[in-house]
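Listing of entry07.cif; format and content: mmCIF, C-alpha atoms.
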data_final
loop_
_atom_site.label_atom_id
_atom_site.label_comp_id
_atom_site.auth_asym_id
_atom_site.auth_seq_id
_atom_site.Cartn_x
_atom_site.Cartn_y
_atom_site.Cartn_z
CA MET Q 1 -9.53 12.97 -1.19
CA HIS Q 2 -12.83 14.14 -2.45
CA VAL Q 3 -14.10 11.73 -4.97
CA GLY Q 4 -17.02 11.76 -7.39
CA THR Q 5 -18.18 13.04 -10.75
CA GLY Q 6 -21.05 15.18 -9.55
CA ARG Q 7 -23.10 13.81 -12.44
CA ARG Q 8 -26.19 13.30 -10.36
CA SER Q 9 -26.66 16.89 -9.31
CA VAL Q 10 -30.26 17.60 -8.35
CA LEU Q 11 -32.60 20.49 -8.49
CA TRP Q 12 -34.57 22.80 -6.19
CA ALA Q 13 -38.02 24.28 -6.40
CA SER Q 14 -38.73 27.94 -5.55
CA ALA Q 15 -41.49 28.90 -3.19
CA LEU Q 16 -41.20 32.45 -4.46
CA MET Q 17 -41.25 31.80 -8.21
CA GLY Q 18 -44.05 30.51 -10.38
CA SER Q 19 -43.95 27.58 -12.74
CA LEU Q 20 -43.06 27.95 -16.40
CA VAL Q 21 -45.58 26.80 -18.99
CA LEU Q 22 -44.38 26.67 -22.58
CA THR Q 23 -45.81 24.92 -25.63
CA ALA Q 24 -44.57 24.76 -29.19
CA CYS Q 25 -46.18 22.63 -31.87
CA SER Q 26 -44.42 20.63 -34.52
CA GLY Q 27 -45.41 17.49 -36.38
CA SER Q 28 -48.80 15.79 -36.43
CA GLY Q 29 -50.40 12.68 -35.04
CA SER Q 30 -53.08 10.28 -36.14
CA GLY Q 31 -56.30 8.81 -34.84
CA ALA Q 32 -58.22 10.20 -31.85
CA ASP Q 33 -55.12 11.97 -30.49
CA ALA Q 34 -54.16 13.62 -33.78
CA GLY Q 35 -55.15 17.11 -32.67
CA ALA Q 36 -54.23 16.76 -28.99
CA GLU Q 37 -51.44 18.86 -27.58
CA ALA Q 38 -49.71 18.52 -24.21
CA LYS Q 39 -49.18 21.50 -21.94
CA VAL Q 40 -45.69 21.16 -20.41
CA THR Q 41 -45.01 22.71 -17.00
CA ILE Q 42 -41.50 23.03 -15.56
CA THR Q 43 -41.04 23.87 -11.90
CA PRO Q 44 -39.12 25.99 -11.03
CA GLY Q 45 -39.44 28.27 -14.02
CA SER Q 46 -36.81 30.46 -15.60
CA GLY Q 47 -35.25 33.04 -13.30
CA THR Q 48 -32.60 33.39 -10.61
CA ALA Q 49 -32.27 33.00 -6.84
CA VAL Q 50 -34.37 29.83 -6.69
CA LYS Q 51 -34.96 28.72 -3.11
CA LEU Q 52 -33.26 25.57 -1.92
CA GLY Q 53 -35.20 22.54 -0.80
CA SER Q 54 -37.29 20.83 -3.47
CA PRO Q 55 -36.58 18.76 -6.59
CA ILE Q 56 -37.29 19.90 -10.13
CA SER Q 57 -40.43 18.58 -11.74
CA VAL Q 58 -41.87 18.45 -15.23
CA LYS Q 59 -45.53 17.73 -16.01
CA ALA Q 60 -47.33 17.15 -19.28
CA ASP Q 61 -51.07 17.87 -18.94
CA GLY Q 62 -53.04 16.21 -21.71
CA GLY Q 63 -50.15 14.11 -22.99
CA ARG Q 64 -46.95 12.18 -22.33
CA LEU Q 65 -43.37 13.33 -21.88
CA THR Q 66 -41.02 11.85 -24.47
CA GLU Q 67 -37.79 13.51 -23.39
CA VAL Q 68 -36.47 15.37 -20.33
CA GLU Q 69 -32.89 16.62 -20.24
CA VAL Q 70 -31.49 18.56 -17.31
CA LYS Q 71 -27.87 19.76 -17.12
CA ASP Q 72 -25.87 22.05 -14.88
CA ALA Q 73 -23.58 24.78 -16.18
CA LYS Q 74 -20.70 22.29 -16.51
CA GLY Q 75 -22.75 19.97 -18.70
CA ASN Q 76 -23.31 17.34 -16.01
CA LYS Q 77 -26.62 15.55 -16.44
CA VAL Q 78 -29.20 15.45 -13.70
CA GLU Q 79 -30.88 12.08 -13.28
CA GLY Q 80 -34.57 11.68 -12.56
CA ARG Q 81 -37.52 9.34 -12.81
CA MET Q 82 -40.46 9.27 -15.19
CA SER Q 83 -43.88 8.30 -13.90
CA GLY Q 84 -45.44 5.12 -15.23
CA ASP Q 85 -47.93 7.00 -17.41
CA GLY Q 86 -45.26 9.35 -18.76
CA ALA Q 87 -47.16 12.40 -17.52
CA SER Q 88 -44.48 13.61 -15.08
CA TRP Q 89 -40.76 13.52 -14.34
CA THR Q 90 -39.03 14.29 -11.01
CA SER Q 91 -35.32 14.67 -10.31
CA ASP Q 92 -33.73 12.20 -7.94
CA GLY Q 93 -32.69 14.90 -5.49
CA ASN Q 94 -32.09 18.60 -5.02
CA ALA Q 95 -29.99 21.20 -6.79
CA GLY Q 96 -26.69 22.29 -5.36
CA PRO Q 97 -26.39 25.82 -3.99
CA GLY Q 98 -25.21 28.61 -6.28
CA ALA Q 99 -25.62 26.52 -9.43
CA THR Q 100 -27.34 27.13 -12.78
CA TYR Q 101 -29.45 24.45 -14.47
CA THR Q 102 -31.12 24.21 -17.85
CA VAL Q 103 -34.14 22.02 -18.59
CA HIS Q 104 -35.23 20.91 -22.08
CA THR Q 105 -38.34 18.77 -22.56
CA LYS Q 106 -40.47 17.24 -25.29
CA ALA Q 107 -43.97 15.82 -25.05
CA LYS Q 108 -46.73 14.52 -27.29
CA GLY Q 109 -50.43 15.13 -26.82
CA GLY Q 110 -53.12 12.60 -26.03
CA LYS Q 111 -53.23 9.66 -23.66
CA SER Q 112 -51.51 7.45 -26.20
CA GLY Q 113 -48.85 10.06 -26.91
CA LYS Q 114 -49.61 10.22 -30.62
CA GLY Q 115 -50.75 13.82 -30.80
CA LYS Q 116 -48.86 17.02 -31.52
CA GLU Q 117 -45.39 17.54 -30.11
CA SER Q 118 -44.80 20.22 -27.49
CA THR Q 119 -41.45 21.50 -26.23
CA ALA Q 120 -40.50 23.54 -23.19
CA SER Q 121 -37.28 24.91 -21.69
CA ALA Q 122 -36.25 26.70 -18.52
CA THR Q 123 -33.01 27.99 -17.00
CA PHE Q 124 -32.64 28.92 -13.35
CA THR Q 125 -29.99 29.51 -10.70
CA THR Q 126 -30.17 28.40 -7.08
CA GLU Q 127 -29.39 30.64 -4.15
CA GLN Q 128 -25.97 30.61 -2.51
CA ALA Q 129 -25.56 28.63 0.70
CA GLU Q 130 -24.19 30.26 3.83
CA LYS Q 131 -21.49 27.57 3.78
CA VAL Q 132 -20.78 24.49 1.70
CA ASN Q 133 -20.23 21.21 3.55
CA LYS Q 134 -17.72 18.92 1.87
CA LEU Q 135 -16.72 15.40 2.74
CA THR Q 136 -13.52 13.38 2.72
CA ASN Q 137 -13.90 9.67 2.07
CA THR Q 138 -11.79 6.76 3.28
CA PRO Q 139 -10.66 4.58 1.58
CA GLY Q 140 -9.67 6.46 -1.56
CA ASN Q 141 -11.24 5.75 -4.92
CA GLY Q 142 -9.78 2.74 -6.72
CA THR Q 143 -7.73 1.49 -3.77
CA THR Q 144 -7.35 -2.06 -2.51
CA VAL Q 145 -7.72 -2.45 1.25
CA GLY Q 146 -7.86 -5.02 4.02
CA THR Q 147 -10.83 -7.08 5.15
CA GLY Q 148 -11.55 -4.86 8.17
CA MET Q 149 -11.79 -1.52 6.36
CA PRO Q 150 -14.96 0.50 6.95
CA VAL Q 151 -16.32 3.16 4.63
CA SER Q 152 -15.57 6.38 6.51
CA ILE Q 153 -16.92 9.81 5.56
CA LEU Q 154 -15.61 12.87 7.38
CA PHE Q 155 -17.56 16.15 7.12
CA ASP Q 156 -15.94 19.59 6.90
CA HIS Q 157 -18.72 21.22 8.95
CA PRO Q 158 -20.95 19.96 11.76
CA VAL Q 159 -24.06 17.97 10.89
CA ASP Q 160 -27.18 18.68 12.92
CA LYS Q 161 -28.64 15.61 14.60
CA ASP Q 162 -32.04 16.24 13.03
CA LYS Q 163 -30.41 16.23 9.55
CA ARG Q 164 -28.55 12.96 9.98
CA ALA Q 165 -31.36 10.61 8.96
CA GLY Q 166 -31.84 12.45 5.66
CA ILE Q 167 -28.12 12.39 4.94
CA GLU Q 168 -27.90 8.70 5.80
CA LYS Q 169 -30.74 7.95 3.37
CA SER Q 170 -28.79 9.76 0.65
CA LEU Q 171 -25.80 7.42 1.04
CA THR Q 172 -25.75 3.96 -0.52
CA VAL Q 173 -23.21 1.13 -0.42
CA THR Q 174 -23.40 -1.56 -3.11
CA THR Q 175 -21.21 -4.65 -2.92
CA GLN Q 176 -20.40 -7.59 -5.17
CA PRO Q 177 -20.95 -10.13 -3.73
CA LYS Q 178 -23.70 -8.84 -1.44
CA VAL Q 179 -22.46 -8.03 2.08
CA GLU Q 180 -24.60 -7.02 5.03
CA GLY Q 181 -23.60 -3.79 6.76
CA ALA Q 182 -24.85 -0.57 8.33
CA TRP Q 183 -24.07 3.14 8.73
CA GLY Q 184 -23.15 4.56 12.10
CA TRP Q 185 -22.52 8.17 13.22
CA VAL Q 186 -19.15 8.79 14.85
CA LYS Q 187 -17.33 11.71 16.45
CA ASP Q 188 -13.89 11.71 14.86
CA TRP Q 189 -10.75 12.11 16.98
CA SER Q 190 -10.39 15.56 15.37
CA GLY Q 191 -13.78 16.58 16.77
CA GLN Q 192 -15.45 16.56 13.35
CA ASP Q 193 -18.64 14.66 12.54
CA ARG Q 194 -18.23 11.40 10.69
CA ILE Q 195 -20.37 8.55 9.38
CA ASP Q 196 -18.94 5.05 8.83
CA TRP Q 197 -20.35 1.95 7.15
CA ARG Q 198 -19.01 -1.35 8.40
CA PRO Q 199 -19.89 -4.87 7.31
CA LYS Q 200 -21.45 -7.14 9.89
CA ASP Q 201 -18.44 -9.44 9.57
CA TYR Q 202 -15.09 -8.96 7.87
CA TRP Q 203 -15.18 -8.42 4.11
CA PRO Q 204 -14.62 -11.45 1.87
CA THR Q 205 -11.45 -11.11 -0.20
CA GLY Q 206 -12.21 -9.88 -3.71
CA THR Q 207 -15.35 -7.91 -2.78
CA LYS Q 208 -16.02 -4.87 -4.98
CA VAL Q 209 -17.52 -1.92 -3.12
CA SER Q 210 -19.31 1.08 -4.63
CA VAL Q 211 -20.35 4.10 -2.54
CA LYS Q 212 -22.66 6.83 -3.77
CA GLY Q 213 -23.74 9.98 -1.98
CA ASN Q 214 -26.73 11.71 -3.59
CA LEU Q 215 -25.98 14.77 -1.47
CA SER Q 216 -26.17 17.76 -3.81
CA GLY Q 217 -28.60 20.25 -2.34
CA VAL Q 218 -29.02 18.37 0.95
CA ASP Q 219 -29.18 20.53 4.08
CA SER Q 220 -26.61 19.58 6.73
CA GLY Q 221 -27.76 22.20 9.25
CA GLU Q 222 -26.21 25.34 10.72
CA GLY Q 223 -26.45 27.08 7.34
CA GLY Q 224 -24.50 24.37 5.53
CA TRP Q 225 -25.47 22.57 2.33
CA PHE Q 226 -23.84 19.94 0.16
CA ALA Q 227 -23.00 21.23 -3.31
CA ARG Q 228 -22.26 18.00 -5.16
CA ASN Q 229 -22.78 14.27 -5.34
CA TYR Q 230 -20.10 11.68 -4.59
CA ASP Q 231 -19.26 8.39 -6.24
CA PHE Q 232 -16.26 6.23 -5.35
CA GLY Q 233 -15.31 2.60 -5.06
CA PHE Q 234 -12.64 0.25 -3.77
CA SER Q 235 -11.73 -3.44 -3.63
CA ILE Q 236 -11.00 -5.85 -0.79
CA GLY Q 237 -7.57 -7.44 -0.97
CA ALA Q 238 -5.84 -10.28 0.83
CA ASP Q 239 -7.25 -11.60 4.11
CA ARG Q 240 -4.35 -10.65 6.38
CA LYS Q 241 -4.58 -10.06 10.11
CA ALA Q 242 -2.32 -9.85 13.13
CA VAL Q 243 -2.87 -10.90 16.73
CA ILE Q 244 -0.70 -9.58 19.56
CA ASP Q 245 -0.43 -11.62 22.76
CA VAL Q 246 0.88 -9.01 25.21
CA PRO Q 247 2.28 -11.27 28.00
CA ALA Q 248 3.96 -13.49 25.37
CA HIS Q 249 5.56 -10.44 23.66
CA LYS Q 250 4.46 -12.02 20.39
CA LEU Q 251 2.70 -10.90 17.22
CA THR Q 252 1.19 -13.63 15.04
CA MET Q 253 0.61 -13.05 11.33
CA ILE Q 254 -2.51 -14.74 9.92
CA GLU Q 255 -3.44 -15.10 6.25
CA ASP Q 256 -6.63 -16.76 5.04
CA GLY Q 257 -7.23 -18.00 8.57
CA LYS Q 258 -3.82 -19.70 8.91
CA GLU Q 259 -0.79 -18.66 10.93
CA VAL Q 260 2.04 -17.71 8.59
CA GLY Q 261 4.63 -16.24 10.95
CA HIS Q 262 5.52 -14.87 14.38
CA ILE Q 263 7.38 -11.75 15.44
CA MET Q 264 8.68 -10.93 18.90
CA GLY Q 265 8.33 -7.41 20.25
CA SER Q 266 7.69 -5.21 23.25
CA ALA Q 267 4.19 -3.96 24.04
CA GLY Q 268 3.16 -1.26 26.50
CA SER Q 269 4.55 -1.22 30.01
CA PRO Q 270 2.35 -1.80 33.09
CA THR Q 271 1.97 1.97 33.43
CA ASP Q 272 1.18 2.49 29.72
CA PRO Q 273 -0.33 -0.81 28.57
CA THR Q 274 -1.22 -1.35 24.92
CA ARG Q 275 -4.91 -0.78 24.18
CA GLY Q 276 -6.88 -3.98 23.74
CA GLY Q 277 -9.55 -5.03 21.28
CA ILE Q 278 -9.59 -5.20 17.49
CA HIS Q 279 -7.88 -2.26 15.80
CA THR Q 280 -7.90 -1.37 12.10
CA VAL Q 281 -4.77 -0.26 10.27
CA ARG Q 282 -5.56 3.35 9.39
CA SER Q 283 -2.30 4.41 7.71
CA LYS Q 284 1.36 3.52 7.30
CA ASN Q 285 4.52 5.60 7.22
CA ALA Q 286 7.95 4.40 6.13
CA ALA Q 287 9.72 6.77 8.52
CA GLU Q 288 8.66 9.23 11.20
CA THR Q 289 9.71 10.81 14.45
CA MET Q 290 8.16 9.54 17.68
CA ASP Q 291 7.39 12.68 19.69
CA SER Q 292 6.41 12.14 23.33
CA ALA Q 293 4.46 15.41 23.40
CA THR Q 294 1.86 13.98 20.97
CA ILE Q 295 0.69 11.43 23.55
CA GLY Q 296 0.88 13.54 26.68
CA HIS Q 297 4.42 12.78 27.84
CA GLY Q 298 5.89 16.24 27.43
CA ASN Q 299 9.45 16.33 26.11
CA GLU Q 300 10.54 12.92 27.40
CA TRP Q 301 11.67 11.59 23.99
CA MET Q 302 12.11 12.39 20.31
CA LEU Q 303 13.05 9.19 18.47
CA ASP Q 304 13.30 8.31 14.79
CA SER Q 305 11.50 5.13 13.75
CA LYS Q 306 10.96 3.24 10.49
CA TRP Q 307 8.14 1.11 9.11
CA VAL Q 308 5.38 2.60 11.25
CA THR Q 309 1.90 1.04 11.04
CA HIS Q 310 -0.75 3.29 12.62
CA LEU Q 311 -3.67 1.84 14.57
CA THR Q 312 -5.34 4.44 16.81
CA ALA Q 313 -5.32 8.20 16.19
CA SER Q 314 -4.14 8.69 19.77
CA GLY Q 315 -0.84 6.92 19.11
CA THR Q 316 -1.03 3.12 19.20
CA PHE Q 317 1.45 2.02 16.52
CA LEU Q 318 3.47 -0.96 15.36
CA HIS Q 319 7.01 0.25 14.62
CA SER Q 320 10.73 -0.36 14.75
CA ALA Q 321 12.37 0.36 18.10
CA PRO Q 322 16.14 0.08 17.58
CA TRP Q 323 16.73 1.83 20.92
CA ASN Q 324 15.00 -0.95 22.87
CA ASN Q 325 17.33 -3.69 24.13
CA SER Q 326 14.48 -5.71 25.67
CA ILE Q 327 12.48 -6.60 22.57
CA GLY Q 328 10.74 -9.94 23.05
CA VAL Q 329 11.67 -10.00 26.72
CA GLU Q 330 9.98 -7.07 28.44
CA ASN Q 331 6.94 -4.93 27.73
CA ASN Q 332 8.36 -1.47 28.26
CA SER Q 333 6.91 0.81 25.57
CA HIS Q 334 4.44 3.65 26.04
CA GLY Q 335 1.59 1.70 24.44
CA CYS Q 336 3.00 0.78 21.04
CA PHE Q 337 4.35 -2.57 19.90
CA GLY Q 338 8.04 -2.12 19.15
CA MET Q 339 10.15 -4.51 17.04
CA THR Q 340 13.48 -4.80 15.34
CA THR Q 341 13.72 -2.77 12.16
CA SER Q 342 13.64 -5.85 9.93
CA ASP Q 343 10.59 -7.29 11.70
CA ALA Q 344 8.78 -3.95 11.58
CA LYS Q 345 9.34 -3.98 7.80
CA LYS Q 346 7.81 -7.47 7.58
CA ILE Q 347 4.65 -6.30 9.36
CA TYR Q 348 4.56 -3.07 7.36
CA ASP Q 349 4.61 -5.08 4.12
CA PHE Q 350 2.27 -7.83 5.35
CA LEU Q 351 -0.64 -5.72 6.63
CA LEU Q 352 -2.83 -3.69 4.30
CA ILE Q 353 -4.51 -0.42 5.14
CA GLY Q 354 -7.76 -1.79 6.55
CA SER Q 355 -6.28 -5.01 7.95
CA THR Q 356 -7.10 -5.73 11.59
CA VAL Q 357 -4.75 -6.13 14.55
CA GLU Q 358 -6.20 -7.75 17.66
CA VAL Q 359 -4.53 -7.08 21.01
CA LYS Q 360 -5.15 -9.81 23.60
CA ASN Q 361 -4.44 -10.23 27.30
CA THR Q 362 -3.48 -6.64 27.92
CA ASP Q 363 -3.77 -4.95 31.31
CA SER Q 364 -5.25 -1.85 29.68
CA THR Q 365 -8.78 -1.03 30.82
CA LYS Q 366 -9.25 1.85 28.39
CA ILE Q 367 -12.13 1.53 25.97
CA THR Q 368 -11.03 2.81 22.58
CA ASP Q 369 -13.64 5.10 21.06
CA VAL Q 370 -14.75 4.26 17.53
CA GLY Q 371 -13.64 7.69 16.33
CA ASN Q 372 -10.08 7.18 17.62
CA GLY Q 373 -9.00 5.90 14.23
CA LEU Q 374 -11.08 3.44 12.20
CA GLU Q 375 -12.08 1.53 15.33
CA VAL Q 376 -15.43 0.12 14.19
CA TRP Q 377 -14.55 -3.39 15.41
CA GLN Q 378 -14.33 -2.22 19.01
CA GLU Q 379 -18.12 -2.68 19.15
CA THR Q 380 -20.40 -5.64 18.60
CA TRP Q 381 -22.73 -5.67 15.62
CA ASP Q 382 -25.73 -4.87 17.84
CA GLN Q 383 -23.87 -1.96 19.44
CA TRP Q 384 -22.85 -0.63 16.04
CA LYS Q 385 -26.37 -0.66 14.59
CA LYS Q 386 -27.55 1.65 17.36
CA ARG Q 387 -25.35 4.40 15.88
CA SER Q 388 -27.62 4.69 12.85
CA ALA Q 389 -29.88 7.76 12.70
CA LEU Q 390 -32.59 5.64 11.05
CA LYS Q 391 -34.77 4.21 13.79
#
This entry written out as C-alpha cells:
Amino acid sequence: MHVGTGRRSVLWASALMGSLVLTACSGSGSGADAGAEAKVTITPGSGTAVKLGSPISVKADGGRLTEVEVKDAKGNKVEGRMSGDGASWTSDGNAGPGATYTVHTKAKGGKSGKGKESTASATFTTEQAEKVNKLTNTPGNGTTVGTGMPVSILFDHPVDKDKRAGIEKSLTVTTQPKVEGAWGWVKDWSGQDRIDWRPKDYWPTGTKVSVKGNLSGVDSGEGGWFARNYDFGFSIGADRKAVIDVPAHKLTMIEDGKEVGHIMGSAGSPTDPTRGGIHTVRSKNAAETMDSATIGHGNEWMLDSKWVTHLTASGTFLHSAPWNNSIGVENNSHGCFGMTTSDAKKIYDFLLIGSTVEVKNTDSTKITDVGNGLEVWQETWDQWKKRSALK
C-alpha cells in the first residue's frame, strides 16, 4: 500500500525563469522603520514549465517576512524554514513533477519589522517527469507487527546508485522509545530496488514507529522522479518467536523470552534441507496450494495446505502437511516445516507478521539473501551497516 498525505510537497527553482519581485503597501509603522518597505522576491516566479531540481525561496530585502504560505493545487501545504533574521524562507525540499504551486507572502520593512507591509504572490507549474517512481511500504500504516519487522520500501523503478545517498537522507525513522537502527539497500527477490531499515537489536514490545519520506521532487535516476511525500507508522506487538531444531523435528514457541510450547513437525529432507538462520515472517495465508513448479520441482506435486506462514520469498514456509505420515519422526519435506493441521493453526495464530523464526542445526549450506523475503537478520549488525549509501 502506498501511504502518506503528501502534505510536505516541495518546490523547484527554474534555471530558465527569472525571479518575481512584487511589492504592495498597506498599513504604517512607527519609529525609525516607519517609512521602510521590504522588497519581496519569490523564486521561481510566476509561469509554467519550471525546471526540476531546486527548492522554492522567498527573500525580503530591507525587511522581515511575517508570513509565507505555499500550497499545491490540491490545497496541501508545503513546509519550509524561516531564517533566524526573518529575511528569507526556504522550502524543506523540492516540488513534485507536473504540479502547480501557489505562493503568498507578507513582509514588513525595516530591520525591526515595524515598517510598511509588503505582499507578494506567485503561481508556477513544474515540468513533467519522464516517469514517476512510486514506493510500496512494509509494514502497512497503522499495523501491529512482530519484534523482528524491518521497515521495507520497494521502488517501482530502478534507483541509480549515485542517487541512493540523497534518497536515504530524505527518509527518516522516529521511534518511541528511541531505538538504534540503520538503512540498507537491498535487491528484492522480484529484482526491484529496495531499502530497508532494521533496528540493531529486536524491537521492544510497545515501540511506536513513524516513517517519513520527504521525496517529492527527488531524482531517482533514469528519468524517474518522486511525485509525493510519504508518511506512515506502525506499532510493535507481542514479543513472540519460534526456534526450529531440525534434527529434533521440533519447533519451540517463545514469548517474552520464555518457552511457552513445543510442536513436532518435519523439516526439509537431506536433499532439500530447510534454510538456516533467522527468518522473518513476511506474510500468512489461511489456505493455499503448494505448487512444486514454484520452487523448481516441475510438476511433482500440487497439494492444498492450510495455515501457511511464509518466511522466504523462495518458498520456505511453516504449514499443515496432512499428507505426511512421518511428522515428528522424519525430515522429508522440500525445505518447509510441515505440521498437523491443528498445530499449523497454533503457529499461524501465535506468530505475528514480523516475528522471527530461527532454524538451527540444519544441513543446508545456502546463504539466504536479505532480499529473499524480509531477511535482514541473516546479517550481523556490522554487515548490515555496510549496505547504507551514506559513507
### Task
Would you translate the PyMOL selection byres ((chain Q and resi 242) around 9) into the concrete set of residues it matches in this file, as a PyMOL selection string?
chain Q and resi 240-241+243-244+251-255+347+351+355-359
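Within the file as shown, the PyMOL selection byres ((chain Q and resi 217-228) around 6) identifies Gly6, Asn94, Ala95, Gly96, Pro97, Glu130, Lys131, Val132, Asn133, Val159, Asp160, Lys163, Leu215, Ser216 and Asn229 of chain Q.
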### Task
Would you kindly translate the PyMOL selection byres ((chain Q and resi 266) around 6) into the concrete residues it picks from this file, as a ChimeraX atom specification?
/Q:249,265,267,327-328,330-331,337-338
### Task
Would you work out the distance separating CA of Pro55 (chain Q) from CA of Gly80 (chain Q), expressed in Å to one decimal?
9.5 Å
Each region 34-89 of chain Q residue no farther than 9 Å from region 103-112 of chain Q, nearest pair in Å, all atoms listed in the file, as CSV:
residue,atom,partner,partner_atom,distance
Q:Ala34,CA,Q:Gly110,CA,7.9
Q:Gly35,CA,Q:Gly109,CA,7.8
Q:Ala36,CA,Q:Gly109,CA,4.7
Q:Glu37,CA,Q:Gly109,CA,3.9
Q:Ala38,CA,Q:Gly109,CA,4.3
Q:Lys39,CA,Q:Gly109,CA,8.1
Q:Val40,CA,Q:Ala107,CA,7.3
Q:Ile42,CA,Q:Val103,CA,8.0
Q:Val58,CA,Q:Thr105,CA,8.1
Q:Ala60,CA,Q:Ala107,CA,6.8
Q:Asp61,CA,Q:Gly109,CA,8.4
Q:Gly62,CA,Q:Gly110,CA,5.6
Q:Gly63,CA,Q:Gly109,CA,4.0
Q:Arg64,CA,Q:Ala107,CA,5.4
Q:Leu65,CA,Q:Ala107,CA,4.1
Q:Thr66,CA,Q:Ala107,CA,5.0
Q:Glu67,CA,Q:Lys106,CA,5.0
Q:Val68,CA,Q:Thr105,CA,4.5
Q:Glu69,CA,Q:His104,CA,5.2
Q:Val70,CA,Q:Val103,CA,4.5
Q:Lys71,CA,Q:Val103,CA,6.8
Q:Asp85,CA,Q:Lys111,CA,8.6
Q:Ala87,CA,Q:Ala107,CA,8.9
Since we have the selection now, will you write its residues out, keeping C-alpha atoms, as a tab-separated table (two decimals), keeping the file's coordinate frame?
chain	number	residue	atom	x	y	z
Q	34	ALA	CA	-54.16	13.62	-33.78
Q	35	GLY	CA	-55.15	17.11	-32.67
Q	36	ALA	CA	-54.23	16.76	-28.99
Q	37	GLU	CA	-51.44	18.86	-27.58
Q	38	ALA	CA	-49.71	18.52	-24.21
Q	39	LYS	CA	-49.18	21.50	-21.94
Q	40	VAL	CA	-45.69	21.16	-20.41
Q	42	ILE	CA	-41.50	23.03	-15.56
Q	58	VAL	CA	-41.87	18.45	-15.23
Q	60	ALA	CA	-47.33	17.15	-19.28
Q	61	ASP	CA	-51.07	17.87	-18.94
Q	62	GLY	CA	-53.04	16.21	-21.71
Q	63	GLY	CA	-50.15	14.11	-22.99
Q	64	ARG	CA	-46.95	12.18	-22.33
Q	65	LEU	CA	-43.37	13.33	-21.88
Q	66	THR	CA	-41.02	11.85	-24.47
Q	67	GLU	CA	-37.79	13.51	-23.39
Q	68	VAL	CA	-36.47	15.37	-20.33
Q	69	GLU	CA	-32.89	16.62	-20.24
Q	70	VAL	CA	-31.49	18.56	-17.31
Q	71	LYS	CA	-27.87	19.76	-17.12
Q	85	ASP	CA	-47.93	7.00	-17.41
Q	87	ALA	CA	-47.16	12.40	-17.52
Val329 (chain Q) environment, 12 Å, all atoms listed in the file, sequence neighbours closer than 3 positions dropped, as a PDB file with C-alpha atoms, keeping the file's coordinate frame:
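What ended up in selection.pdb:
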ATOM      1  CA  VAL Q 246       0.880  -9.010  25.210  1.00  0.00           C
ATOM      2  CA  PRO Q 247       2.280 -11.270  28.000  1.00  0.00           C
ATOM      3  CA  ALA Q 248       3.960 -13.490  25.370  1.00  0.00           C
ATOM      4  CA  HIS Q 249       5.560 -10.440  23.660  1.00  0.00           C
ATOM      5  CA  LYS Q 250       4.460 -12.020  20.390  1.00  0.00           C
ATOM      6  CA  MET Q 264       8.680 -10.930  18.900  1.00  0.00           C
ATOM      7  CA  GLY Q 265       8.330  -7.410  20.250  1.00  0.00           C
ATOM      8  CA  SER Q 266       7.690  -5.210  23.250  1.00  0.00           C
ATOM      9  CA  ALA Q 267       4.190  -3.960  24.040  1.00  0.00           C
ATOM     10  CA  SER Q 269       4.550  -1.220  30.010  1.00  0.00           C
ATOM     11  CA  ASN Q 324      15.000  -0.950  22.870  1.00  0.00           C
ATOM     12  CA  ASN Q 325      17.330  -3.690  24.130  1.00  0.00           C
ATOM     13  CA  SER Q 326      14.480  -5.710  25.670  1.00  0.00           C
ATOM     14  CA  ASN Q 332       8.360  -1.470  28.260  1.00  0.00           C
ATOM     15  CA  SER Q 333       6.910   0.810  25.570  1.00  0.00           C
ATOM     16  CA  GLY Q 338       8.040  -2.120  19.150  1.00  0.00           C
ATOM     17  CA  MET Q 339      10.150  -4.510  17.040  1.00  0.00           C
TER      18      MET Q 339
END
#### Entry: Pairwise distance for CA of Leu311 (chain Q) and CA of Pro150 (chain Q), rounded to one decimal in Å
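Spanning CA of Leu311 (chain Q) to CA of Pro150 (chain Q) is a straight-line distance of 13.7 Å.
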### Message
To one decimal place in Å, what is the distance between CA of Thr340 (chain Q) and CA of Glu259 (chain Q)?
### Response
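If I compute the distance from CA of Thr340 (chain Q) to CA of Glu259 (chain Q), I get 20.4 Å.
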### Message
Tell me which residues come within 12 Å of (-15.9, 7.1, 16.7), as number ranges by chain, counting only C-alpha atoms in the file's coordinates.
### Response
Q: 150, 152-154, 184-197, 312-313, 367-379, 384, 387
### Long-range neighbours of Arg275 (chain Q) as a list of chain:residue names, 7 Å cut-off, only C-alpha atoms, 3 positions minimum in chain
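Once the nearby chain positions are removed, what remains is Q:Gly335, Q:Ser364, Q:Lys366.
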